[in-house]
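Written below as structure tokens is the structure these notes are about.
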Amino acid sequence: MTELQILQKLISIDSQVTKSNKEIVDFIVSLFPREICKVTPLKKGDLDLFNLEIKFKGEKSTKPIVFSGHTDTVPTSSKWTRNPFDPEVVDGNVFGLGTSDMKAGVACMIKLALSLVGNKQKQDVVFLFDADEEGAGTGGKNFIENVMIDPGSAKVIICEPSSGILQIGQKGALEFKVTFFGKALHSSITSFDKNLQFNAIHKTLQGLKALEEYEKKLELKKDKLFKSPTQAICMIEGGTAANVIPDECSFTINRRLIPSEMLETVIEETTSILKKVDPEVKVEVFFSGAPNKLDEESELFQQSKFICEEVFGEAITSVTSGWTQAGLFNKWGDALIWGPGKLEMCHQADEFCPVEDLEKMTECYSKLVELNN
């Protein structure tokens with residue numbers, strides 16, 4: 001099977017994050033000797049999910065190479081003008097849900113892994129296909145807890161879309177849910193003082209003003225590569241009727257961190273700001289993902305740069321404000337985001353990936369394995 005044929009099969013399998021990824025994992029497993037495949041059942045509420053690890057055992061396990069890809073996609077939308085599960089090749093691009101994010105990367109991983117079957121390796125080569133990356137990160141968290149790789153020993157390739165560009169860094173990400181509480185009263189008997197004391201929406205407004213001042217200070221933090229950290233209020237909900245003082249109001253914060261910031265510190269700062277408004281405020285962290293920055297003096301970067309110049313004719317580097325599992329799997333060692341597909345196509349209707357990216361990225365991955373073999 002070519003990379004394109006593999007990708008077309010992957011697209012035809014509905015693996016939206018709201019559904020089980022069993023069918024896509026079963027397909028991948030069917031291509032390999034069963035003894036090198038480890039399938040781990042997972043639960044997310046009532047949803048049955050599955051992680052897949054394919055491991056080629058080397059003579060040594062001291063410097064493993066890890067390729068990471070997620071099997072789920074974002075949900076489809078009514079804005080699609082094509083069947084998202086019927087892959088079409090038009091003008092050198094393959095269209096379908098998850099083509100760029102990131103079934104193209106998964107297809108290249110599969111093609112590379114197939115080429116390694118029956119061959120001896122000097123170092124372990126590990127392929128991780130995880131579930132729920134587009135959701136709560138259930139699969140990635142399970143891998144980090146259960147895949148036995150010595151911290152700092154590995155070279156990790158996150159096969160997310162980068163158009164072959166070497167993405168050496170990413171911002172970290174935090175998602176908070178903030179809830180202010182009050183006391184329900186008939187709106188006819190309120191006053192300014194009572195609103196401050198009992199109206200959950202008024203308390204929320206004070207909290208948002210405090211966060212606005214904090215956001216202005218974030219603009220003053222500058223990073224040469226990543227610019228400034230950011231904060232966004234993305235959802236808000238409160239109140240039950242037009243004439244009832246609300247006893248509860250909540251909103252979400254999406255916070256992006258530059259590498260010099262620590263997750264724990266940002267959580268403490270944000271919580272402290274909100275508790276000054278109301279000590280009873282509830283602050284919940286729903287997602288926490290660390291930044292990533294690859295040292296350009298590292299062996300992984302130098303090897304990948306050399307390969308990129310050979311395959312693409314040039315090696316372009318960049319950083320991304322989005323979050324990938326580089327911020328999770330960098331616990332195992334140096335992590336690079338490097339894959340086929342267009343980043344700007346992620347989560348878009350009529351998503352596509354250039355067909356030429358597929359063979360080129362498989363070649364890059366193969367050369368990386370060869371350099372370490």
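Residue numbers start at 1 in each chain; chains themselves are named A, B, ... in the order of the structure tokens; ligands are numbered from 1 in the order shown.
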
Contacts of segment 89-190 of chain A with segment 322-332 of chain A up to 10 Å, shortest pair per row, only C-alpha atoms, as CSV:
```
residue,atom,partner,partner_atom,distance
A:Glu133,CA,A:Gln325,CA,8.2
A:Glu134,CA,A:Thr324,CA,9.8
A:Gly137,CA,A:Gln325,CA,8.8
A:Gly140,CA,A:Gln325,CA,7.3
A:Lys141,CA,A:Leu328,CA,7.9
A:Phe143,CA,A:Phe329,CA,8.8
A:Ile144,CA,A:Phe329,CA,6.8
A:Val147,CA,A:Trp332,CA,9.8
A:Met148,CA,A:Trp332,CA,9.3
A:Ile149,CA,A:Trp332,CA,6.2
A:Asp150,CA,A:Trp332,CA,6.2
A:Pro151,CA,A:Trp332,CA,4.3
A:Gly152,CA,A:Trp332,CA,4.8
A:Ser153,CA,A:Trp332,CA,6.0
A:Ala154,CA,A:Trp332,CA,5.4
A:Lys155,CA,A:Trp332,CA,7.8
A:Val156,CA,A:Asn330,CA,7.2
A:Ile157,CA,A:Ala326,CA,8.1
A:Ile158,CA,A:Ala326,CA,6.3
A:Cys159,CA,A:Thr324,CA,9.7
A:Glu160,CA,A:Thr324,CA,7.7
A:Ile168,CA,A:Ala326,CA,9.7
A:Gly169,CA,A:Ala326,CA,8.5
A:Gln170,CA,A:Trp323,CA,6.2
A:Lys171,CA,A:Trp323,CA,6.3
A:Gly172,CA,A:Trp323,CA,6.3
A:Ala173,CA,A:Trp323,CA,6.5
A:Leu174,CA,A:Trp323,CA,9.9
```

What's around Met109 of chain A at 8 Å? Count only C-alpha atoms, leave out sequence neighbours fewer than 6 positions away in its own chain, and write the answer as a compact mmCIF listing (two decimals) with all heavy atoms, in the first residue's frame.
```
# COMPACT_ATOMS: atom_id res chain seq x y z
N PHE A 67 7.77 7.89 17.35
CA PHE A 67 6.90 8.61 16.43
C PHE A 67 5.50 8.63 17.03
O PHE A 67 4.98 7.58 17.43
CB PHE A 67 6.88 7.94 15.05
CG PHE A 67 8.18 8.01 14.32
CD1 PHE A 67 9.14 7.01 14.45
CD2 PHE A 67 8.46 9.09 13.49
CE1 PHE A 67 10.35 7.07 13.78
CE2 PHE A 67 9.68 9.17 12.81
CZ PHE A 67 10.62 8.15 12.96
N GLY A 69 1.37 9.86 16.83
CA GLY A 69 0.24 10.33 16.04
C GLY A 69 -1.08 9.99 16.71
O GLY A 69 -1.19 8.94 17.33
N PHE A 127 6.21 3.37 17.76
CA PHE A 127 5.13 4.12 17.12
C PHE A 127 3.95 4.15 18.07
O PHE A 127 3.45 3.10 18.48
CB PHE A 127 4.73 3.46 15.79
CG PHE A 127 5.83 3.46 14.76
CD1 PHE A 127 6.80 2.46 14.77
CD2 PHE A 127 5.90 4.46 13.80
CE1 PHE A 127 7.82 2.46 13.82
CE2 PHE A 127 6.92 4.46 12.86
CZ PHE A 127 7.88 3.45 12.87
N CYS A 159 4.15 13.83 14.69
CA CYS A 159 3.88 13.85 13.24
C CYS A 159 2.68 14.71 12.87
O CYS A 159 1.94 14.42 11.92
CB CYS A 159 3.71 12.42 12.73
SG CYS A 159 5.11 11.35 13.09
N THR A 362 7.55 10.48 4.66
CA THR A 362 7.96 9.10 4.92
C THR A 362 9.45 8.96 4.68
O THR A 362 10.16 8.29 5.46
CB THR A 362 7.19 8.11 4.03
OG1 THR A 362 5.79 8.26 4.25
CG2 THR A 362 7.58 6.68 4.35
```

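Among the candidate residues A:Lys224, A:Lys22, A:Lys9, A:Lys55, the one lying nearest to Asp86 of chain A is A:Lys9, with distances computed using only C-alpha atoms.
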
Close residues, Ile253 of chain A itself excluded, 6 Å, only C-alpha atoms, min 2 positions apart in chain, as a ChimeraX atom specification: /A:175-176,232-233

Which of segment 63-254 of chain A DSSP labels helix (DSSP H, G or I), written as a compact mmCIF listing (two decimals) with all heavy atoms, in the first residue's frame:
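Once everything was written out, this is states_0.txt:
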```
# COMPACT_ATOMS: atom_id res chain seq x y z
N THR A 99 -7.44 14.85 7.16
CA THR A 99 -6.32 14.63 6.25
C THR A 99 -5.04 15.25 6.81
O THR A 99 -4.01 14.58 6.94
CB THR A 99 -6.61 15.22 4.86
OG1 THR A 99 -7.19 16.52 5.00
CG2 THR A 99 -7.52 14.34 4.07
N SER A 100 -5.09 16.54 7.12
CA SER A 100 -3.90 17.20 7.67
C SER A 100 -3.76 16.93 9.17
O SER A 100 -2.65 16.71 9.67
CB SER A 100 -3.96 18.71 7.41
OG SER A 100 -3.55 19.01 6.09
N ASP A 101 -4.88 16.93 9.88
CA ASP A 101 -4.83 16.80 11.35
C ASP A 101 -5.51 15.51 11.80
O ASP A 101 -6.66 15.53 12.20
CB ASP A 101 -5.51 18.01 11.98
CG ASP A 101 -5.35 18.05 13.49
OD1 ASP A 101 -4.47 17.36 14.01
OD2 ASP A 101 -6.12 18.77 14.13
N MET A 102 -4.79 14.37 11.93
CA MET A 102 -3.47 14.23 11.38
C MET A 102 -3.29 12.85 10.76
O MET A 102 -2.33 12.14 11.01
CB MET A 102 -2.43 14.48 12.47
CG MET A 102 -2.54 13.54 13.65
SD MET A 102 -1.12 13.60 14.81
CE MET A 102 0.22 12.99 13.80
N LYS A 103 -4.29 12.47 9.95
CA LYS A 103 -4.23 11.14 9.36
C LYS A 103 -3.14 11.02 8.31
O LYS A 103 -2.66 9.91 8.04
CB LYS A 103 -5.60 10.76 8.80
CG LYS A 103 -6.61 10.49 9.92
CD LYS A 103 -7.96 10.01 9.43
CE LYS A 103 -8.86 9.66 10.62
NZ LYS A 103 -10.19 9.16 10.20
N ALA A 104 -2.69 12.14 7.73
CA ALA A 104 -1.54 12.10 6.83
C ALA A 104 -0.30 11.68 7.61
O ALA A 104 0.48 10.83 7.15
CB ALA A 104 -1.33 13.45 6.17
N GLY A 105 -0.11 12.27 8.78
CA GLY A 105 1.03 11.89 9.61
C GLY A 105 0.95 10.44 10.04
O GLY A 105 1.96 9.72 10.06
N VAL A 106 -0.25 9.99 10.40
CA VAL A 106 -0.45 8.59 10.80
C VAL A 106 -0.15 7.66 9.62
O VAL A 106 0.48 6.60 9.79
CB VAL A 106 -1.88 8.38 11.33
CG1 VAL A 106 -2.18 6.90 11.51
CG2 VAL A 106 -2.07 9.12 12.65
N ALA A 107 -0.56 8.05 8.41
CA ALA A 107 -0.28 7.24 7.22
C ALA A 107 1.22 7.09 6.99
O ALA A 107 1.71 6.00 6.66
CB ALA A 107 -0.95 7.86 6.00
N CYS A 108 1.96 8.17 7.17
CA CYS A 108 3.42 8.12 7.01
C CYS A 108 4.06 7.24 8.08
O CYS A 108 5.01 6.49 7.81
CB CYS A 108 4.01 9.52 7.04
SG CYS A 108 3.54 10.55 5.62
N MET A 109 3.54 7.33 9.30
CA MET A 109 4.03 6.46 10.38
C MET A 109 3.82 4.99 10.02
O MET A 109 4.71 4.16 10.20
CB MET A 109 3.31 6.80 11.69
CG MET A 109 3.69 8.12 12.31
SD MET A 109 2.58 8.57 13.70
CE MET A 109 2.87 7.20 14.84
N ILE A 110 2.62 4.68 9.53
CA ILE A 110 2.30 3.30 9.18
C ILE A 110 3.21 2.80 8.06
O ILE A 110 3.76 1.69 8.12
CB ILE A 110 0.82 3.18 8.75
CG1 ILE A 110 -0.09 3.43 9.96
CG2 ILE A 110 0.53 1.81 8.15
CD1 ILE A 110 -1.57 3.57 9.60
N LYS A 111 3.40 3.64 7.02
CA LYS A 111 4.26 3.25 5.90
C LYS A 111 5.69 2.98 6.36
O LYS A 111 6.31 1.99 5.95
CB LYS A 111 4.23 4.36 4.85
CG LYS A 111 5.03 4.04 3.59
CD LYS A 111 4.45 2.88 2.81
CE LYS A 111 5.19 2.68 1.50
NZ LYS A 111 4.64 1.54 0.71
N LEU A 112 6.21 3.85 7.22
CA LEU A 112 7.55 3.64 7.75
C LEU A 112 7.61 2.36 8.58
O LEU A 112 8.53 1.55 8.42
CB LEU A 112 7.95 4.84 8.62
CG LEU A 112 9.26 4.67 9.42
CD1 LEU A 112 10.44 4.44 8.50
CD2 LEU A 112 9.50 5.86 10.33
N ALA A 113 6.63 2.18 9.46
CA ALA A 113 6.62 0.99 10.31
C ALA A 113 6.57 -0.29 9.48
O ALA A 113 7.25 -1.29 9.80
CB ALA A 113 5.45 1.05 11.28
N LEU A 114 5.80 -0.29 8.40
CA LEU A 114 5.73 -1.47 7.53
C LEU A 114 7.09 -1.79 6.92
O LEU A 114 7.45 -2.96 6.74
CB LEU A 114 4.70 -1.24 6.42
CG LEU A 114 3.23 -1.28 6.85
CD1 LEU A 114 2.33 -0.81 5.70
CD2 LEU A 114 2.82 -2.68 7.30
N SER A 115 7.87 -0.76 6.62
CA SER A 115 9.19 -0.98 6.03
C SER A 115 10.20 -1.55 7.02
O SER A 115 11.25 -2.07 6.62
CB SER A 115 9.73 0.34 5.45
OG SER A 115 10.14 1.22 6.48
N LEU A 116 9.88 -1.45 8.31
CA LEU A 116 10.80 -1.95 9.34
C LEU A 116 10.52 -3.39 9.74
O LEU A 116 11.34 -4.01 10.43
CB LEU A 116 10.71 -1.06 10.59
CG LEU A 116 11.03 0.43 10.43
CD1 LEU A 116 10.94 1.14 11.78
CD2 LEU A 116 12.40 0.63 9.81
N THR A 138 -6.88 11.76 26.69
CA THR A 138 -6.91 10.51 27.46
C THR A 138 -5.78 9.56 27.05
O THR A 138 -5.08 8.99 27.89
CB THR A 138 -8.27 9.81 27.28
OG1 THR A 138 -9.31 10.71 27.64
CG2 THR A 138 -8.35 8.55 28.13
N GLY A 139 -5.60 9.39 25.74
CA GLY A 139 -4.59 8.45 25.26
C GLY A 139 -3.18 8.88 25.55
O GLY A 139 -2.35 8.07 25.99
N GLY A 140 -2.88 10.15 25.32
CA GLY A 140 -1.53 10.64 25.57
C GLY A 140 -1.14 10.53 27.03
O GLY A 140 -0.01 10.15 27.37
N LYS A 141 -2.08 10.86 27.91
CA LYS A 141 -1.81 10.76 29.35
C LYS A 141 -1.54 9.32 29.75
O LYS A 141 -0.68 9.04 30.59
CB LYS A 141 -3.00 11.32 30.14
CG LYS A 141 -3.21 12.82 29.99
CD LYS A 141 -4.51 13.27 30.64
CE LYS A 141 -4.80 14.73 30.39
NZ LYS A 141 -6.12 15.15 30.93
N ASN A 142 -2.28 8.38 29.15
CA ASN A 142 -2.06 6.98 29.46
C ASN A 142 -0.68 6.53 28.98
O ASN A 142 0.03 5.80 29.68
CB ASN A 142 -3.14 6.13 28.81
CG ASN A 142 -2.99 4.65 29.12
OD1 ASN A 142 -2.31 3.92 28.38
ND2 ASN A 142 -3.60 4.19 30.20
N PHE A 143 -0.29 6.97 27.79
CA PHE A 143 1.03 6.61 27.26
C PHE A 143 2.14 7.12 28.18
O PHE A 143 3.10 6.40 28.48
CB PHE A 143 1.23 7.18 25.86
CG PHE A 143 0.75 6.28 24.75
CD1 PHE A 143 0.16 6.83 23.62
CD2 PHE A 143 0.90 4.91 24.81
CE1 PHE A 143 -0.28 6.02 22.58
CE2 PHE A 143 0.46 4.08 23.78
CZ PHE A 143 -0.12 4.63 22.67
N ILE A 144 2.05 8.36 28.62
CA ILE A 144 3.12 8.95 29.41
C ILE A 144 3.27 8.22 30.75
O ILE A 144 4.35 8.16 31.33
CB ILE A 144 2.92 10.46 29.62
CG1 ILE A 144 4.27 11.16 29.85
CG2 ILE A 144 1.98 10.78 30.74
CD1 ILE A 144 5.16 11.23 28.65
N GLU A 145 2.17 7.63 31.22
CA GLU A 145 2.21 6.90 32.49
C GLU A 145 2.66 5.46 32.33
O GLU A 145 3.22 4.87 33.26
CB GLU A 145 0.82 6.91 33.14
CG GLU A 145 0.37 8.29 33.61
CD GLU A 145 -1.08 8.29 34.09
OE1 GLU A 145 -1.71 7.21 34.05
OE2 GLU A 145 -1.57 9.36 34.49
N ASN A 146 2.46 4.88 31.15
CA ASN A 146 2.63 3.43 31.01
C ASN A 146 3.68 2.98 30.00
O ASN A 146 4.07 1.80 30.01
CB ASN A 146 1.29 2.78 30.65
CG ASN A 146 0.27 2.92 31.77
OD1 ASN A 146 0.39 2.31 32.82
ND2 ASN A 146 -0.74 3.76 31.55
N SER A 187 -35.16 40.43 41.54
CA SER A 187 -34.39 41.59 41.10
C SER A 187 -34.98 42.92 41.60
O SER A 187 -34.27 43.93 41.68
CB SER A 187 -34.31 41.62 39.57
OG SER A 187 -35.61 41.70 39.01
N SER A 188 -36.27 42.93 41.99
CA SER A 188 -36.90 44.17 42.44
C SER A 188 -36.42 44.62 43.80
O SER A 188 -36.60 45.78 44.17
CB SER A 188 -38.43 44.00 42.47
OG SER A 188 -38.80 43.03 43.44
N ILE A 189 -35.79 43.74 44.56
CA ILE A 189 -35.36 44.11 45.91
C ILE A 189 -33.85 44.26 46.02
O ILE A 189 -33.29 44.31 47.11
CB ILE A 189 -35.86 43.09 46.95
CG1 ILE A 189 -35.27 41.70 46.68
CG2 ILE A 189 -37.38 43.03 46.98
CD1 ILE A 189 -35.52 40.70 47.80
N PHE A 192 -27.17 48.28 44.70
CA PHE A 192 -25.78 48.16 44.25
C PHE A 192 -24.99 47.30 45.23
O PHE A 192 -24.25 46.39 44.82
CB PHE A 192 -25.14 49.55 44.13
CG PHE A 192 -23.70 49.49 43.71
CD1 PHE A 192 -23.35 49.16 42.40
CD2 PHE A 192 -22.67 49.76 44.61
CE1 PHE A 192 -22.03 49.09 42.00
CE2 PHE A 192 -21.34 49.69 44.22
CZ PHE A 192 -21.02 49.37 42.91
N ASP A 193 -25.15 47.56 46.54
CA ASP A 193 -24.41 46.77 47.54
C ASP A 193 -24.83 45.31 47.51
O ASP A 193 -23.98 44.41 47.64
CB ASP A 193 -24.65 47.35 48.94
CG ASP A 193 -23.93 48.67 49.15
OD1 ASP A 193 -22.97 48.93 48.39
OD2 ASP A 193 -24.32 49.44 50.04
N LYS A 194 -26.14 45.06 47.34
CA LYS A 194 -26.60 43.67 47.28
C LYS A 194 -26.08 42.97 46.02
O LYS A 194 -25.77 41.78 46.05
CB LYS A 194 -28.12 43.62 47.32
CG LYS A 194 -28.72 43.87 48.70
CD LYS A 194 -30.23 43.74 48.68
CE LYS A 194 -30.82 43.94 50.07
NZ LYS A 194 -32.30 43.83 50.06
N ASN A 195 -25.99 43.71 44.92
CA ASN A 195 -25.44 43.12 43.70
C ASN A 195 -23.99 42.68 43.91
O ASN A 195 -23.58 41.61 43.50
CB ASN A 195 -25.53 44.11 42.53
CG ASN A 195 -26.88 44.06 41.86
OD1 ASN A 195 -27.55 43.05 41.86
ND2 ASN A 195 -27.29 45.20 41.28
N LEU A 196 -23.22 43.56 44.56
CA LEU A 196 -21.83 43.21 44.83
C LEU A 196 -21.73 41.99 45.74
O LEU A 196 -20.83 41.17 45.60
CB LEU A 196 -21.10 44.40 45.47
CG LEU A 196 -20.83 45.60 44.56
CD1 LEU A 196 -20.17 46.72 45.37
CD2 LEU A 196 -19.93 45.19 43.40
N GLN A 197 -22.67 41.88 46.66
CA GLN A 197 -22.62 40.79 47.64
C GLN A 197 -23.22 39.49 47.12
O GLN A 197 -22.70 38.41 47.41
CB GLN A 197 -23.34 41.23 48.91
CG GLN A 197 -23.24 40.22 50.06
CD GLN A 197 -23.93 40.71 51.32
OE1 GLN A 197 -24.48 41.81 51.36
NE2 GLN A 197 -23.88 39.90 52.36
N PHE A 198 -24.32 39.58 46.35
CA PHE A 198 -25.09 38.38 46.02
C PHE A 198 -25.15 38.04 44.52
O PHE A 198 -25.44 36.89 44.17
CB PHE A 198 -26.53 38.52 46.53
CG PHE A 198 -26.63 38.67 48.01
CD1 PHE A 198 -27.26 39.79 48.57
CD2 PHE A 198 -26.12 37.70 48.86
CE1 PHE A 198 -27.37 39.93 49.94
CE2 PHE A 198 -26.23 37.85 50.24
CZ PHE A 198 -26.85 38.96 50.78
N ALA A 200 -24.01 36.88 41.20
CA ALA A 200 -22.86 36.14 40.67
C ALA A 200 -22.32 36.75 39.39
O ALA A 200 -21.12 36.70 39.12
CB ALA A 200 -23.25 34.68 40.43
N ILE A 201 -23.19 37.37 38.60
CA ILE A 201 -22.71 38.01 37.37
C ILE A 201 -21.91 39.27 37.69
O ILE A 201 -20.89 39.54 37.05
CB ILE A 201 -23.90 38.32 36.42
CG1 ILE A 201 -24.45 37.01 35.85
CG2 ILE A 201 -23.47 39.26 35.29
CD1 ILE A 201 -25.63 37.18 34.90
N HIS A 202 -22.34 40.03 38.69
CA HIS A 202 -21.56 41.19 39.11
C HIS A 202 -20.18 40.77 39.60
O HIS A 202 -19.18 41.42 39.29
CB HIS A 202 -22.30 41.97 40.22
CG HIS A 202 -23.27 42.98 39.69
ND1 HIS A 202 -23.11 44.34 39.85
CD2 HIS A 202 -24.41 42.82 38.96
CE1 HIS A 202 -24.10 44.98 39.27
NE2 HIS A 202 -24.92 44.07 38.73
N LYS A 203 -20.13 39.69 40.38
CA LYS A 203 -18.83 39.19 40.83
C LYS A 203 -17.97 38.76 39.63
O LYS A 203 -16.76 39.01 39.61
CB LYS A 203 -19.03 37.99 41.77
CG LYS A 203 -19.67 38.35 43.09
CD LYS A 203 -19.80 37.11 43.98
CE LYS A 203 -20.45 37.44 45.30
NZ LYS A 203 -20.55 36.25 46.19
N THR A 204 -18.61 38.13 38.66
CA THR A 204 -17.89 37.72 37.46
C THR A 204 -17.32 38.92 36.74
O THR A 204 -16.17 38.90 36.26
CB THR A 204 -18.82 36.92 36.52
OG1 THR A 204 -19.22 35.72 37.18
CG2 THR A 204 -18.14 36.59 35.21
N LEU A 205 -18.09 40.01 36.65
CA LEU A 205 -17.60 41.21 35.99
C LEU A 205 -16.35 41.76 36.69
O LEU A 205 -15.41 42.20 36.02
CB LEU A 205 -18.70 42.29 35.97
CG LEU A 205 -19.86 42.04 35.00
CD1 LEU A 205 -20.95 43.08 35.20
CD2 LEU A 205 -19.36 42.07 33.55
N GLN A 206 -16.37 41.72 38.02
CA GLN A 206 -15.18 42.17 38.77
C GLN A 206 -13.99 41.26 38.48
O GLN A 206 -12.86 41.72 38.33
CB GLN A 206 -15.48 42.19 40.28
CG GLN A 206 -16.67 43.05 40.71
CD GLN A 206 -16.59 44.46 40.17
OE1 GLN A 206 -15.57 45.13 40.30
NE2 GLN A 206 -17.68 44.91 39.56
N GLY A 207 -14.27 39.95 38.41
CA GLY A 207 -13.21 39.01 38.08
C GLY A 207 -12.64 39.24 36.70
O GLY A 207 -11.42 39.21 36.49
N LEU A 208 -13.52 39.53 35.73
CA LEU A 208 -13.07 39.78 34.36
C LEU A 208 -12.24 41.07 34.27
O LEU A 208 -11.27 41.15 33.52
CB LEU A 208 -14.27 39.85 33.42
CG LEU A 208 -15.03 38.53 33.22
CD1 LEU A 208 -16.28 38.76 32.37
CD2 LEU A 208 -14.15 37.48 32.57
N LYS A 209 -12.62 42.07 35.04
CA LYS A 209 -11.83 43.31 35.07
C LYS A 209 -10.44 43.06 35.62
O LYS A 209 -9.44 43.58 35.10
CB LYS A 209 -12.55 44.37 35.92
CG LYS A 209 -13.80 44.95 35.28
CD LYS A 209 -14.47 45.95 36.22
CE LYS A 209 -15.75 46.50 35.60
NZ LYS A 209 -16.45 47.43 36.53
N ALA A 210 -10.36 42.25 36.67
CA ALA A 210 -9.06 41.92 37.25
C ALA A 210 -8.21 41.13 36.24
O ALA A 210 -7.00 41.37 36.11
CB ALA A 210 -9.25 41.12 38.54
N LEU A 211 -8.84 40.21 35.54
CA LEU A 211 -8.12 39.43 34.54
C LEU A 211 -7.69 40.30 33.35
O LEU A 211 -6.65 40.04 32.73
CB LEU A 211 -8.99 38.28 34.05
CG LEU A 211 -9.20 37.13 35.03
CD1 LEU A 211 -10.22 36.14 34.48
CD2 LEU A 211 -7.88 36.41 35.33
N GLU A 212 -8.47 41.32 33.07
CA GLU A 212 -8.11 42.24 31.98
C GLU A 212 -6.82 42.98 32.31
O GLU A 212 -5.96 43.15 31.44
CB GLU A 212 -9.25 43.23 31.77
CG GLU A 212 -9.09 44.09 30.53
CD GLU A 212 -10.30 44.99 30.30
OE1 GLU A 212 -10.43 45.98 31.05
OE2 GLU A 212 -11.11 44.68 29.41
N GLU A 213 -6.68 43.39 33.56
CA GLU A 213 -5.44 44.05 33.98
C GLU A 213 -4.26 43.09 33.91
O GLU A 213 -3.15 43.47 33.52
CB GLU A 213 -5.59 44.61 35.41
CG GLU A 213 -6.59 45.74 35.52
CD GLU A 213 -6.27 46.89 34.58
OE1 GLU A 213 -5.09 47.32 34.55
OE2 GLU A 213 -7.17 47.33 33.86
N TYR A 214 -4.49 41.85 34.28
CA TYR A 214 -3.46 40.81 34.20
C TYR A 214 -3.05 40.59 32.74
O TYR A 214 -1.87 40.46 32.42
CB TYR A 214 -4.02 39.52 34.81
CG TYR A 214 -3.11 38.32 34.76
CD1 TYR A 214 -1.83 38.33 35.30
CD2 TYR A 214 -3.55 37.13 34.18
CE1 TYR A 214 -1.02 37.21 35.27
CE2 TYR A 214 -2.76 36.00 34.14
CZ TYR A 214 -1.49 36.04 34.69
OH TYR A 214 -0.69 34.92 34.65
N GLU A 215 -4.04 40.61 31.85
CA GLU A 215 -3.76 40.39 30.43
C GLU A 215 -2.90 41.51 29.85
O GLU A 215 -2.02 41.27 29.01
CB GLU A 215 -5.09 40.29 29.67
CG GLU A 215 -4.94 39.90 28.21
CD GLU A 215 -6.29 39.71 27.53
OE1 GLU A 215 -7.31 39.55 28.23
OE2 GLU A 215 -6.30 39.75 26.29
N LYS A 216 -3.13 42.74 30.30
CA LYS A 216 -2.31 43.86 29.84
C LYS A 216 -0.85 43.66 30.22
O LYS A 216 0.06 43.98 29.45
CB LYS A 216 -2.83 45.17 30.44
CG LYS A 216 -4.17 45.62 29.89
CD LYS A 216 -4.65 46.88 30.59
CE LYS A 216 -6.03 47.31 30.10
NZ LYS A 216 -6.52 48.51 30.84
N LYS A 217 -0.63 43.10 31.40
CA LYS A 217 0.75 42.84 31.85
C LYS A 217 1.39 41.72 31.02
O LYS A 217 2.61 41.73 30.79
CB LYS A 217 0.76 42.47 33.33
CG LYS A 217 0.35 43.61 34.24
CD LYS A 217 0.32 43.18 35.71
CE LYS A 217 -0.13 44.32 36.61
NZ LYS A 217 -0.21 43.89 38.04
N LEU A 218 0.56 40.76 30.58
CA LEU A 218 1.11 39.68 29.75
C LEU A 218 1.66 40.22 28.44
O LEU A 218 2.64 39.68 27.91
CB LEU A 218 0.01 38.64 29.45
CG LEU A 218 -0.54 37.84 30.62
CD1 LEU A 218 -1.59 36.86 30.13
CD2 LEU A 218 0.56 37.10 31.36
```

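Shortest separation to Pro87 of chain A among A:Val355, A:Leu274, A:Ile316, A:Cys346 occurs at residue A:Val355, atoms counted being only C-alpha atoms.
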
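Minimum atom-to-atom distance to Phe251 of chain A, evaluated using only C-alpha atoms, belongs to A:Lys282 out of A:Lys342, A:Arg34, A:Lys282, A:Lys227.
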
Which of segment 15-200 of chain A fall in strand (DSSP E or B), as a PyMOL selection string: chain A and resi 16+37-44+47-56+58-70+73+88-90+93-95+121-130+154-158+166-170+172-181+185-186

Atomic separation - atom CA of Val25 of chain A relative to atom CA of Gly135 of chain A, Å: 17.3 Å

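Of the residues listed (A:Ile337, A:Ile54, A:Leu97, A:Ala290), A:Leu97 shows the shortest atom-to-atom separation from Gln8 of chain A; distances use only C-alpha atoms.
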
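The two atoms in question, atom CA of Pro246 of chain A and atom CA of Phe180 of chain A, are spaced 10.0 Å apart.
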
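If you measure from each of A:Glu219, A:Asp130, A:Glu59, A:Glu248 to Lys38 of chain A using only C-alpha atoms, the closest one turns out to be A:Asp130.
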
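With atom CA of Thr271 of chain A on one side and atom CA of Val283 of chain A on the other, the separation reads 6.5 Å.
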
Selection: 12 Å around Val311 of chain A, only C-alpha atoms, excl. self and same-chain fewer than 4 positions, as an MDAnalysis selection string: chainID A and resid 164:165 304:307 315 356:357 359:368

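Across A:Thr317, A:Ser298, A:Asp223, A:His347, the tightest approach to Asp72 of chain A is made by A:His347 when counting only C-alpha atoms.
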